[in-house]
6 protein chains.
Amino acid sequence: MRILVLNPNTTASMTEKIAAAAREAAGPDTEIIARNPRNGPASIEGYYDEAMSLAGLLEVIRATPEADAVVLACFDDTGLDAARCLTDRPVIGIGEAGFHMASMLSNKFSVVTTLARSVPALEHNLHRYGLWSRCARIRSSGVAVLELEDPASDASARINEQIRLAILEDRAEAIVLGCAGMTDLAARLTREHGLPVLDGVACAVTLAQSMHRLQLRTSRLGGYAPVPEHKRVFPL
Amino acid sequence: MRILVLNPNTTASMTEKIAAAAREAAGPDTEIIARNPRNGPASIEGYYDEAMSLAGLLEVIRATPEADAVVLACFDDTGLDAARCLTDRPVIGIGEAGFHMASMLSNKFSVVTTLARSVPALEHNLHRYGLWSRCARIRSSGVAVLELEDPASDASARINEQIRLAILEDRAEAIVLGCAGMTDLAARLTREHGLPVLDGVACAVTLAQSMHRLQLRTSRLGGYAPVPEHKRVFPL
Amino acid sequence: MRILVLNPNTTASMTEKIAAAAREAAGPDTEIIARNPRNGPASIEGYYDEAMSLAGLLEVIRATPEADAVVLACFDDTGLDAARCLTDRPVIGIGEAGFHMASMLSNKFSVVTTLARSVPALEHNLHRYGLWSRCARIRSSGVAVLELEDPASDASARINEQIRLAILEDRAEAIVLGCAGMTDLAARLTREHGLPVLDGVACAVTLAQSMHRLQLRTSRLGGYAPVPEHKRVFPL
Amino acid sequence: MRILVLNPNTTASMTEKIAAAAREAAGPDTEIIARNPRNGPASIEGYYDEAMSLAGLLEVIRATPEADAVVLACFDDTGLDAARCLTDRPVIGIGEAGFHMASMLSNKFSVVTTLARSVPALEHNLHRYGLWSRCARIRSSGVAVLELEDPASDASARINEQIRLAILEDRAEAIVLGCAGMTDLAARLTREHGLPVLDGVACAVTLAQSMHRLQLRTSRLGGYAPVPEHKRVFPL
Amino acid sequence: MRILVLNPNTTASMTEKIAAAAREAAGPDTEIIARNPRNGPASIEGYYDEAMSLAGLLEVIRATPEADAVVLACFDDTGLDAARCLTDRPVIGIGEAGFHMASMLSNKFSVVTTLARSVPALEHNLHRYGLWSRCARIRSSGVAVLELEDPASDASARINEQIRLAILEDRAEAIVLGCAGMTDLAARLTREHGLPVLDGVACAVTLAQSMHRLQLRTSRLGGYAPVPEHKRVFPL
Amino acid sequence: MRILVLNPNTTASMTEKIAAAAREAAGPDTEIIARNPRNGPASIEGYYDEAMSLAGLLEVIRATPEADAVVLACFDDTGLDAARCLTDRPVIGIGEAGFHMASMLSNKFSVVTTLARSVPALEHNLHRYGLWSRCARIRSSGVAVLELEDPASDASARINEQIRLAILEDRAEAIVLGCAGMTDLAARLTREHGLPVLDGVACAVTLAQSMHRLQLRTSRLGGYAPVPEHKRVFPL
């Protein structure tokens, strides 16, 4: 099968890192088509960036009909609902993927994300998904998204500290990493902290495989009813 | 004061109808600047249309710095959070305005909206605003947004029927009309059905006046922290 | 229009302070009729005082038929539901007014109130209004209501400290001041702390103006059905 | 022990009926002191009546220091919180008593009450007590409180019909009778409908006995902190 | 009447301690039949022990038909729902008993229990009972169940410390002791800490007496429908 | 990899049907080890059967150390938490699997299950998982579990009818089949009703594959802390 792994920001190095994580999670029999929009924010940090990435993000989905499933590789699950109106192929956000998986491995998880400005959008998502009661706390590490691309930053230390506090103060039994740019850290952090540390990219890719194998498709009734043809594209 | 009343869809006749309602609600001392985006969906019916209207909607806000407050005149409160990151002027969605006002006039309200495909987005909003427990039910009338612009349609009868059922079956004590295109119906429906029928456009306009008079501004802390300058505009 | 601003306690100096704030919020075209009951508690601090203020409070409403709207100027929204059964004019509590307004300016707010004994009643209100999930925390400052009338007290310092903690620990994006006696502090605290600090008196007054302008009236169906004539007054 | 069973309305025949039920529930070793306020509403149907009964109700509690516990025999639990500030003796509302007991006998219960105007106050109570999720539905029978005192009314048939519907439509596993005036119906309705039908008066009386035997007293911390002496009585 | 007080673990000294507390709570006219299963875990600390105690626990209930009511004396309310399918006699868990009683004596309570591993099961129970919003926090003291049987342990000091913190940090107005093995501590802790400290064993016993006196029986509709005869016993 | 697919009831024909569905979902590279306990209920319908199946169910897990993951193939997720204390291999219930998957394909789903007596246990699970708000309704078809094994029954027609009503009345966008014995119906019902109809067995098997591939293991902190060795087995 083919999975479109769509990084909603325009930072190519991050798209590549995500692609590598997705390929490792998917295994050899699945083709990962990694893309990012041509135009839009270089990083998605909060509501405004989300909004400005949507037109480009949806354009990539329209331009990739060969994909059997779509993974939205931004932890805010940017554009998730809109994408599901555009196609009945499975569309999975890496945020929801991490939350759902963590819910089956622990009684309660904490999220460690980037900047404080991203926290309320994640809280809204958890409320809407229904999983708010499973999340002990969303912790911002103070690390900006693009710092994760910089090997010289102290991002790693700040993330470590928040995981430590999540175990101690939140009684978290698992951690969900709150940014696609953290995808390469999960295995090491799992070992170091002695609890499941989940990367949403890997979770979403294997969920997409599951849905494809089971021929599960996005519902066409109600909120995800297909967009009428004449509304699909606009001159922008 | 000046209020930007922003119809997120591109149907000019609807913008005009909304402007008239806004002017009547605002009274003579407030200037209503009614706008719609140049490009985007002609009507907003569900998640996809919402997403595709955002870039145009935010562009109008950036292009209207003379406004003292912004009213987003789509009942899904399209772009509400993103707009609040762009400016600390009050930004009010007509959906939230109707919900908050109805909560101070009744124990429980029902919403009568357009198509079934719009209902889940409204449910998400109510969950996030916290007012889900105040809403008895969201009812779709089966009326498409642009039918409301067509005097020959039977839209009015179908809306009447849903209000009748809301009183009977939901024990609703008030009704919130779930589309900016219904703005001209509220007064008549209030009289005919004997309970408060709220139009979000009027509610939002007077809330904007209140906030302006009280010098209340959108918070700059946390989720609505200002967008950095270099991220404000992108070539699209 | 005329707004009855009703201080449910019997401390005249507080009624005057509230009246001044209400007049400033309302502007010159609205007449503020400021009243307090003749008999009842000198301050309302908790459930018992609330209960003992009700008969006097409702008497003032019955005795002021010339008012177009009623503002209940106690942060517990004492008597709110009972008052709405007595009249279909808008009746607004300063607590709900502050909560609803803050919900449109921030993702999450904290409340800074007087004594710890008042906190549970505010929590009950937030649950019932539906806005519990929008409130990060209710903080008691340990300041008694009548200390706010005493310029020599250190009330101000204690309120400042709680706002500081609300920003730091609760990640509050706005503050709602939890007592009518704090009405004169909001503007200064907004400037000093760099986030919206809302005074319920001002919020409620402009909401009353909005409802009056839009001819919105309290529902007569269900819980606010009119009290039968023979039940309106009792010998006490 | 002695239990003050306080009917908050002024209808003596109802006080007597409640007293008889309380005595039967309590058994011979407990003295039931049945009282109603001298002044106040003849029946409590909704928020306004509740408010107007409070001063009289609290006066009865102050005037009955010999009671070891207090039962508030109105299904809205009128004055419950205020009474708890006045004394550390156990104070139990018949509404809460029925809800808590039904929660230990069934997965889900429905309430059958009097008029529709009383429903929102009961919903508020259930939210505040936390037991909202245990209640399938609150059903109004359309029976006014004083009709329950009239043997010629068809009150019984209307209550029967709502119980039937609660089993059929709400999947209720138990019924809580929503008015002190229904106290004499519980045993017969239990037999006829084949599920537990709970009378709050009987439940509250035995709960008061339990608390007294276990020397459990109302907390003096937080919301139920004792009222200062000078605030206990006011000239009215 | 006769109450089966069933300690689901197999530690006889604990059964005796529980029996003594139950007899003191019940008074002379009620016979306490104290039992524990022949086989099963010596202490119940978490989900696995709960599961392994169930067959033995249900066997004791089947073997004690002379009991008029059943008290399940483990704070996780082990087997509560299954037991209710086996008999329509009242079945009360000491956890739910403590939670419901505390809800009528305080606005908010905290639980002080044994090991951290037991906390999530208690959280699940509180969610399901509906009383989650009434619980400020569940605190583990780090005391293992069988340490409570050892007079030389420092269990008491650690429990004291958690109560102190519950008052200070959680603003708890009452404490529910979270283990049947703490049943002998409640009276002393109430005196020392100046707030109600509830023991679930005593609460459950008097609730069983109440239900028996009022002839209240477990519902036979829905989830507690009687188990068909052929399914009652299996060879194990 | 090897997945233990554990049917908690003792009906071998059902175990075989489940095994076939699991093998089809898993594909050729995964070995399905299908087992049921030797002793216990022939069908699991409600709380009592759940309780009586646990000892046997946990014995099967202990006796199958070669499995890399465990799927609990009863829709009540019988023994889920206890099993997770016994092993850090992934343990997935078919109920939770269906709920989580349906949440990523629809805004809202309904469940169609067997008898009414099973509904409350499913409601408890949904509350605890956090997904209650995503479930429109749990519908019982009135079909007993073992009727699903009888080709001559009208089980299929009754399930069809409930799906039809779920679409019409609940506005469900997806259906989760509420019994392992319905595993062979999902594909046909999806085609016939035009919305996703999910079988928990297939969902759980592919989730187990995902977790195994990603080396995700059940948390050992908090509620799923490992059971001490001496507590693992008891003579029964």
# chains A, B, ... in the order shown; residues from 1 in each chain; ligands from 1
call {"tool": "closest_atom_pairs", "arguments": {"of": "chain E", "to": "chain C", "cutoff": "12 Å", "atoms": "only C-alpha atoms", "output": "CSV"}}
result
residue,atom,partner,partner_atom,distance
E:Ser106,CA,C:Pro120,CA,10.0
E:Asn107,CA,C:Pro120,CA,6.7
E:Lys108,CA,C:Pro120,CA,8.5
E:Ser133,CA,C:His127,CA,9.8
E:Arg134,CA,C:Pro120,CA,10.9
E:Ala136,CA,C:Pro120,CA,12.0
E:Leu168,CA,C:Ala116,CA,11.9
E:Asp170,CA,C:Arg137,CA,11.9
E:Arg171,CA,C:Ala116,CA,9.0
E:Ala172,CA,C:Pro120,CA,11.0
E:Glu173,CA,C:Pro120,CA,10.5
call {"tool": "residues_around", "arguments": {"residues": "C:Ala166", "least_positions_apart": "3", "cutoff": "9 Å", "atoms": "only C-alpha atoms", "output": "mmCIF file with N, CA and C atoms, in the first residue's frame"}}
result
data_model
loop_
_atom_site.group_PDB
_atom_site.id
_atom_site.type_symbol
_atom_site.label_atom_id
_atom_site.label_comp_id
_atom_site.auth_asym_id
_atom_site.auth_seq_id
_atom_site.Cartn_x
_atom_site.Cartn_y
_atom_site.Cartn_z
ATOM 1 N N PHE C 109 -9.579 31.058 31.944
ATOM 2 C CA PHE C 109 -9.447 32.157 32.907
ATOM 3 C C PHE C 109 -9.373 31.593 34.320
ATOM 4 N N SER C 110 -8.825 32.394 35.236
ATOM 5 C CA SER C 110 -8.927 32.083 36.660
ATOM 6 C C SER C 110 -9.771 33.152 37.329
ATOM 7 N N VAL C 111 -10.358 32.792 38.454
ATOM 8 C CA VAL C 111 -11.147 33.734 39.242
ATOM 9 C C VAL C 111 -10.355 34.059 40.500
ATOM 10 N N VAL C 112 -10.304 35.320 40.873
ATOM 11 C CA VAL C 112 -9.711 35.710 42.154
ATOM 12 C C VAL C 112 -10.824 36.303 42.995
ATOM 13 N N ALA C 136 -9.657 27.856 34.903
ATOM 14 C CA ALA C 136 -8.470 27.113 35.336
ATOM 15 C C ALA C 136 -8.510 26.858 36.837
ATOM 16 N N ARG C 137 -8.943 27.855 37.584
ATOM 17 C CA ARG C 137 -8.964 27.707 39.040
ATOM 18 C C ARG C 137 -9.687 28.891 39.674
ATOM 19 N N ARG C 139 -9.439 31.121 42.910
ATOM 20 C CA ARG C 139 -8.464 31.417 43.963
ATOM 21 C C ARG C 139 -9.077 32.362 44.981
ATOM 22 N N GLU C 161 -1.100 39.188 44.351
ATOM 23 C CA GLU C 161 -0.345 37.952 44.487
ATOM 24 C C GLU C 161 -1.091 36.782 43.831
ATOM 25 N N GLN C 162 -2.409 36.749 44.019
ATOM 26 C CA GLN C 162 -3.167 35.648 43.425
ATOM 27 C C GLN C 162 -3.214 35.750 41.903
ATOM 28 N N ILE C 163 -3.247 36.962 41.375
ATOM 29 C CA ILE C 163 -3.209 37.097 39.904
ATOM 30 C C ILE C 163 -1.864 36.611 39.386
ATOM 31 N N GLU C 169 0.947 29.570 37.634
ATOM 32 C CA GLU C 169 0.620 28.169 37.946
ATOM 33 C C GLU C 169 -0.577 27.638 37.174
ATOM 34 N N ASP C 170 -1.583 28.491 36.940
ATOM 35 C CA ASP C 170 -2.807 28.009 36.293
ATOM 36 C C ASP C 170 -2.736 28.176 34.776
ATOM 37 N N ARG C 171 -1.722 28.845 34.280
ATOM 38 C CA ARG C 171 -1.670 29.217 32.870
ATOM 39 C C ARG C 171 -2.943 29.962 32.446
ATOM 40 N N ALA C 172 -3.477 30.771 33.361
ATOM 41 C CA ALA C 172 -4.673 31.562 33.044
ATOM 42 C C ALA C 172 -4.324 32.613 31.996
ATOM 43 N N GLU C 173 -5.218 32.799 31.049
ATOM 44 C CA GLU C 173 -5.025 33.824 30.021
ATOM 45 C C GLU C 173 -5.838 35.080 30.330
ATOM 46 N N ALA C 174 -6.753 34.991 31.291
ATOM 47 C CA ALA C 174 -7.526 36.159 31.728
ATOM 48 C C ALA C 174 -7.905 35.921 33.185
ATOM 49 N N ILE C 175 -8.280 37.010 33.847
ATOM 50 C CA ILE C 175 -8.685 36.950 35.249
ATOM 51 C C ILE C 175 -10.096 37.526 35.366
#
call {"tool": "closest_residue", "arguments": {"among": "A:Val197, A:Val233, A:Met182, A:Ala204", "to": "B:Asn39", "atoms": "only C-alpha atoms"}}
result
A:Val233
call {"tool": "residues_around", "arguments": {"residues": "A:Leu6", "least_positions_apart": "5", "cutoff": "7 Å", "atoms": "only C-alpha atoms", "output": "list in words"}}
result
Ala34, Arg35, Asn36, Val71, Leu72 and Ala73 of chain A
call {"tool": "select_by_dssp", "arguments": {"residues": "stretch 108-158 of chain C", "states": "strand (DSSP E)", "output": "PyMOL selection string"}}
result
chain C and resi 109-113+135-140
call {"tool": "write_last_selection", "arguments": {"atoms": "N, CA and C atoms", "output": "compact mmCIF listing (two decimals), in the first residue's frame"}}
result
# COMPACT_ATOMS: atom_id res chain seq x y z
N PHE C 109 -9.58 31.06 31.94
CA PHE C 109 -9.45 32.16 32.91
C PHE C 109 -9.37 31.59 34.32
N SER C 110 -8.83 32.39 35.24
CA SER C 110 -8.93 32.08 36.66
C SER C 110 -9.77 33.15 37.33
N VAL C 111 -10.36 32.79 38.45
CA VAL C 111 -11.15 33.73 39.24
C VAL C 111 -10.36 34.06 40.50
N VAL C 112 -10.30 35.32 40.87
CA VAL C 112 -9.71 35.71 42.15
C VAL C 112 -10.82 36.30 43.00
N THR C 113 -11.16 35.62 44.08
CA THR C 113 -12.31 36.03 44.88
C THR C 113 -11.87 36.36 46.31
N CYS C 135 -12.61 27.47 33.23
CA CYS C 135 -12.02 28.10 34.42
C CYS C 135 -10.83 27.25 34.88
N ALA C 136 -9.66 27.86 34.90
CA ALA C 136 -8.47 27.11 35.34
C ALA C 136 -8.51 26.86 36.84
N ARG C 137 -8.94 27.85 37.58
CA ARG C 137 -8.96 27.71 39.04
C ARG C 137 -9.69 28.89 39.67
N ILE C 138 -10.34 28.64 40.80
CA ILE C 138 -10.89 29.74 41.60
C ILE C 138 -9.96 29.93 42.78
N ARG C 139 -9.44 31.12 42.91
CA ARG C 139 -8.46 31.42 43.96
C ARG C 139 -9.08 32.36 44.98
N SER C 140 -8.98 32.01 46.25
CA SER C 140 -9.42 32.94 47.29
C SER C 140 -8.22 33.76 47.72
call {"tool": "residues_around", "arguments": {"residues": "stretch 50-61 of chain C", "least_positions_apart": "5", "cutoff": "7 Å", "atoms": "only C-alpha atoms", "output": "list of chain:residue names"}}
result
C:Pro8, C:Asn9, C:Pro37, C:Arg38, C:Asn39, C:Gly40, C:Pro41, C:Ile44, C:Thr78, C:Gly79, C:Ala83, D:Ala51, D:Met52, D:Leu54, D:Ala55, D:Ala82
call {"tool": "select_by_dssp", "arguments": {"residues": "stretch 9-221 of chain B", "states": "helix (DSSP H, G or I)", "output": "PyMOL selection string"}}
result
chain B and resi 12-26+47-62+80-86+94-103+116-129+131-134+145-149+155-169+180-182+186-193+200-213
call {"tool": "residues_around", "arguments": {"residues": "stretch 96-102 of chain A", "least_positions_apart": "5", "cutoff": "10 Å", "atoms": "only C-alpha atoms", "output": "compact mmCIF listing (two decimals) with N, CA, C and O atoms, in the first residue's frame"}}
result
# COMPACT_ATOMS: atom_id res chain seq x y z
N VAL A 71 -1.63 10.32 6.34
CA VAL A 71 -1.23 10.64 7.70
C VAL A 71 -0.90 12.13 7.76
O VAL A 71 -0.07 12.60 6.98
N PHE A 75 1.20 17.61 15.08
CA PHE A 75 0.58 17.10 16.29
C PHE A 75 -0.75 17.78 16.63
O PHE A 75 -1.53 17.26 17.42
N ASP A 76 -1.04 18.93 16.03
CA ASP A 76 -2.36 19.56 16.24
C ASP A 76 -3.43 18.90 15.38
O ASP A 76 -4.58 19.33 15.39
N ASP A 77 -3.05 17.92 14.57
CA ASP A 77 -3.99 17.26 13.65
C ASP A 77 -4.65 18.30 12.74
O ASP A 77 -5.85 18.22 12.42
N LEU A 80 -7.54 17.86 9.85
CA LEU A 80 -8.02 16.48 9.90
C LEU A 80 -9.46 16.35 9.39
O LEU A 80 -9.76 15.52 8.52
N ASN A 107 -3.21 3.78 32.04
CA ASN A 107 -4.42 4.39 32.57
C ASN A 107 -4.48 5.88 32.27
O ASN A 107 -5.55 6.45 32.10
N LYS A 108 -3.35 6.51 32.18
CA LYS A 108 -3.30 7.96 32.04
C LYS A 108 -1.96 8.35 31.44
O LYS A 108 -0.93 7.79 31.80
N PHE A 109 -1.99 9.28 30.49
CA PHE A 109 -0.74 9.71 29.86
C PHE A 109 -0.58 11.23 29.99
O PHE A 109 -1.57 11.94 30.20
N SER A 110 0.64 11.72 29.87
CA SER A 110 0.88 13.15 29.73
C SER A 110 1.46 13.40 28.34
O SER A 110 2.04 12.51 27.72
N VAL A 111 1.28 14.62 27.87
CA VAL A 111 1.82 15.03 26.58
C VAL A 111 2.97 15.99 26.85
O VAL A 111 2.85 16.86 27.72
N LEU A 122 -4.25 21.75 21.58
CA LEU A 122 -4.21 20.33 21.92
C LEU A 122 -5.31 19.99 22.93
O LEU A 122 -5.95 18.93 22.85
N ASN A 125 -8.48 19.59 21.07
CA ASN A 125 -8.54 18.29 20.39
C ASN A 125 -8.90 17.18 21.37
O ASN A 125 -9.76 16.35 21.08
N LEU A 126 -8.25 17.17 22.51
CA LEU A 126 -8.53 16.10 23.48
C LEU A 126 -9.99 16.13 23.94
O LEU A 126 -10.63 15.09 24.09
N TYR A 129 -12.01 14.73 20.94
CA TYR A 129 -11.83 13.29 20.72
C TYR A 129 -12.45 12.50 21.86
O TYR A 129 -12.69 11.30 21.72
N LEU A 131 -10.91 12.15 24.77
CA LEU A 131 -9.83 11.54 25.56
C LEU A 131 -9.24 12.48 26.60
O LEU A 131 -8.20 12.19 27.19
N TRP A 132 -9.89 13.60 26.82
CA TRP A 132 -9.42 14.56 27.81
C TRP A 132 -9.21 13.91 29.19
O TRP A 132 -8.23 14.18 29.88
N ARG A 134 -8.31 11.04 29.87
CA ARG A 134 -7.19 10.12 29.90
C ARG A 134 -5.85 10.84 29.96
O ARG A 134 -4.81 10.22 30.17
N CYS A 135 -5.88 12.13 29.74
CA CYS A 135 -4.63 12.92 29.70
C CYS A 135 -4.43 13.58 31.05
O CYS A 135 -5.27 14.37 31.50
N GLU A 173 1.41 7.43 33.30
CA GLU A 173 1.90 6.07 33.08
C GLU A 173 2.50 5.92 31.68
O GLU A 173 3.10 4.89 31.36
N ALA A 174 2.26 6.91 30.82
CA ALA A 174 2.85 6.91 29.47
C ALA A 174 3.01 8.36 29.05
O ALA A 174 2.40 9.26 29.63
N ILE A 175 3.86 8.57 28.05
CA ILE A 175 4.11 9.92 27.51
C ILE A 175 3.79 9.90 26.02
O ILE A 175 4.19 8.97 25.31
N VAL A 176 3.09 10.93 25.55
CA VAL A 176 2.92 11.12 24.11
C VAL A 176 3.75 12.34 23.73
O VAL A 176 3.58 13.41 24.32
N LEU A 177 4.65 12.16 22.78
CA LEU A 177 5.49 13.28 22.33
C LEU A 177 4.67 14.19 21.44
O LEU A 177 4.08 13.73 20.45
N GLY A 178 4.66 15.48 21.75
CA GLY A 178 3.69 16.37 21.15
C GLY A 178 4.18 17.17 19.96
O GLY A 178 3.79 18.33 19.80
N PRO A 196 6.25 3.79 28.50
CA PRO A 196 6.04 3.96 27.06
C PRO A 196 6.07 5.44 26.67
O PRO A 196 5.37 6.25 27.27
N VAL A 197 6.93 5.77 25.71
CA VAL A 197 6.97 7.12 25.14
C VAL A 197 6.57 6.98 23.68
O VAL A 197 7.26 6.31 22.90
N LEU A 198 5.44 7.57 23.32
CA LEU A 198 4.87 7.31 22.00
C LEU A 198 5.13 8.44 21.03
O LEU A 198 4.98 9.62 21.38
N ASP A 199 5.48 8.06 19.82
CA ASP A 199 5.65 9.00 18.71
C ASP A 199 4.44 8.86 17.80
O ASP A 199 4.15 7.77 17.28
N GLY A 200 3.72 9.94 17.61
CA GLY A 200 2.48 9.90 16.83
C GLY A 200 2.70 9.50 15.38
O GLY A 200 1.81 8.89 14.77
N VAL A 201 3.84 9.81 14.80
CA VAL A 201 4.07 9.47 13.39
C VAL A 201 4.03 7.95 13.23
O VAL A 201 3.32 7.41 12.37
N ALA A 202 4.79 7.25 14.07
CA ALA A 202 4.83 5.79 13.97
C ALA A 202 3.44 5.21 14.25
O ALA A 202 2.98 4.30 13.54
N CYS A 203 2.77 5.73 15.26
CA CYS A 203 1.44 5.22 15.59
C CYS A 203 0.48 5.40 14.41
O CYS A 203 -0.28 4.50 14.05
N ALA A 204 0.51 6.59 13.81
CA ALA A 204 -0.44 6.88 12.73
C ALA A 204 -0.18 6.00 11.51
O ALA A 204 -1.10 5.55 10.84
N VAL A 205 1.10 5.77 11.22
CA VAL A 205 1.43 4.96 10.04
C VAL A 205 0.90 3.54 10.21
O VAL A 205 0.28 2.97 9.31
N THR A 206 1.10 2.95 11.38
CA THR A 206 0.61 1.57 11.53
C THR A 206 -0.92 1.53 11.63
O THR A 206 -1.54 0.57 11.19
N LEU A 207 -1.53 2.58 12.16
CA LEU A 207 -3.00 2.63 12.14
C LEU A 207 -3.52 2.70 10.70
O LEU A 207 -4.53 2.08 10.36
N ALA A 208 -2.82 3.46 9.87
CA ALA A 208 -3.23 3.54 8.46
C ALA A 208 -3.11 2.17 7.79
O ALA A 208 -3.98 1.77 7.00
N GLU F 96 -12.65 -1.90 23.24
CA GLU F 96 -11.87 -0.67 23.10
C GLU F 96 -11.31 -0.52 21.69
O GLU F 96 -11.28 0.58 21.14
N ALA F 97 -10.91 -1.64 21.09
CA ALA F 97 -10.36 -1.56 19.72
C ALA F 97 -11.39 -0.99 18.76
O ALA F 97 -11.10 -0.09 17.96
N PHE F 99 -14.02 0.84 19.52
CA PHE F 99 -14.34 2.24 19.86
C PHE F 99 -13.26 3.19 19.34
O PHE F 99 -13.56 4.25 18.78
N HIS F 100 -12.00 2.84 19.58
CA HIS F 100 -10.91 3.75 19.17
C HIS F 100 -10.86 3.87 17.64
O HIS F 100 -10.71 4.97 17.11
N MET F 101 -10.98 2.75 16.96
CA MET F 101 -10.93 2.81 15.50
C MET F 101 -12.11 3.61 14.93
O MET F 101 -11.93 4.45 14.05
N SER F 103 -13.63 5.95 16.23
CA SER F 103 -13.42 7.37 16.54
C SER F 103 -12.54 8.07 15.51
O SER F 103 -12.52 9.29 15.43
N MET F 104 -11.78 7.28 14.76
CA MET F 104 -10.91 7.89 13.74
C MET F 104 -11.53 7.80 12.34
O MET F 104 -10.90 8.19 11.36
N TYR F 129 -13.02 4.73 29.37
CA TYR F 129 -12.08 4.96 28.26
C TYR F 129 -12.06 6.43 27.86
O TYR F 129 -11.14 6.89 27.19
N LEU F 207 -4.34 -3.83 15.69
CA LEU F 207 -3.71 -2.97 16.70
C LEU F 207 -2.58 -3.71 17.42
O LEU F 207 -1.53 -3.14 17.71
N SER F 210 0.35 -3.61 15.23
CA SER F 210 0.98 -2.28 15.25
C SER F 210 1.85 -2.12 16.49
O SER F 210 3.00 -1.67 16.41
N MET F 211 1.30 -2.47 17.63
CA MET F 211 2.05 -2.26 18.87
C MET F 211 3.30 -3.14 18.90
O MET F 211 4.36 -2.71 19.34
N LEU F 216 5.86 -1.25 21.33
CA LEU F 216 5.14 -0.59 22.42
C LEU F 216 4.68 -1.65 23.41
O LEU F 216 4.15 -2.69 23.02
N ARG F 217 4.89 -1.37 24.67
CA ARG F 217 4.51 -2.33 25.71
C ARG F 217 3.65 -1.63 26.74
O ARG F 217 3.70 -0.41 26.91
N THR F 218 2.86 -2.41 27.44
CA THR F 218 2.00 -1.88 28.49
C THR F 218 2.85 -1.23 29.58
O THR F 218 3.87 -1.78 29.99
N SER F 219 2.41 -0.10 30.06
CA SER F 219 3.14 0.61 31.12
C SER F 219 3.25 -0.25 32.37
O SER F 219 2.33 -1.00 32.72
call {"tool": "residues_around", "arguments": {"residues": "F:Pro28", "least_positions_apart": "6", "cutoff": "12 Å", "atoms": "only C-alpha atoms", "output": "list of chain:residue names"}}
result
F:Met1, F:Arg2, F:Ala22
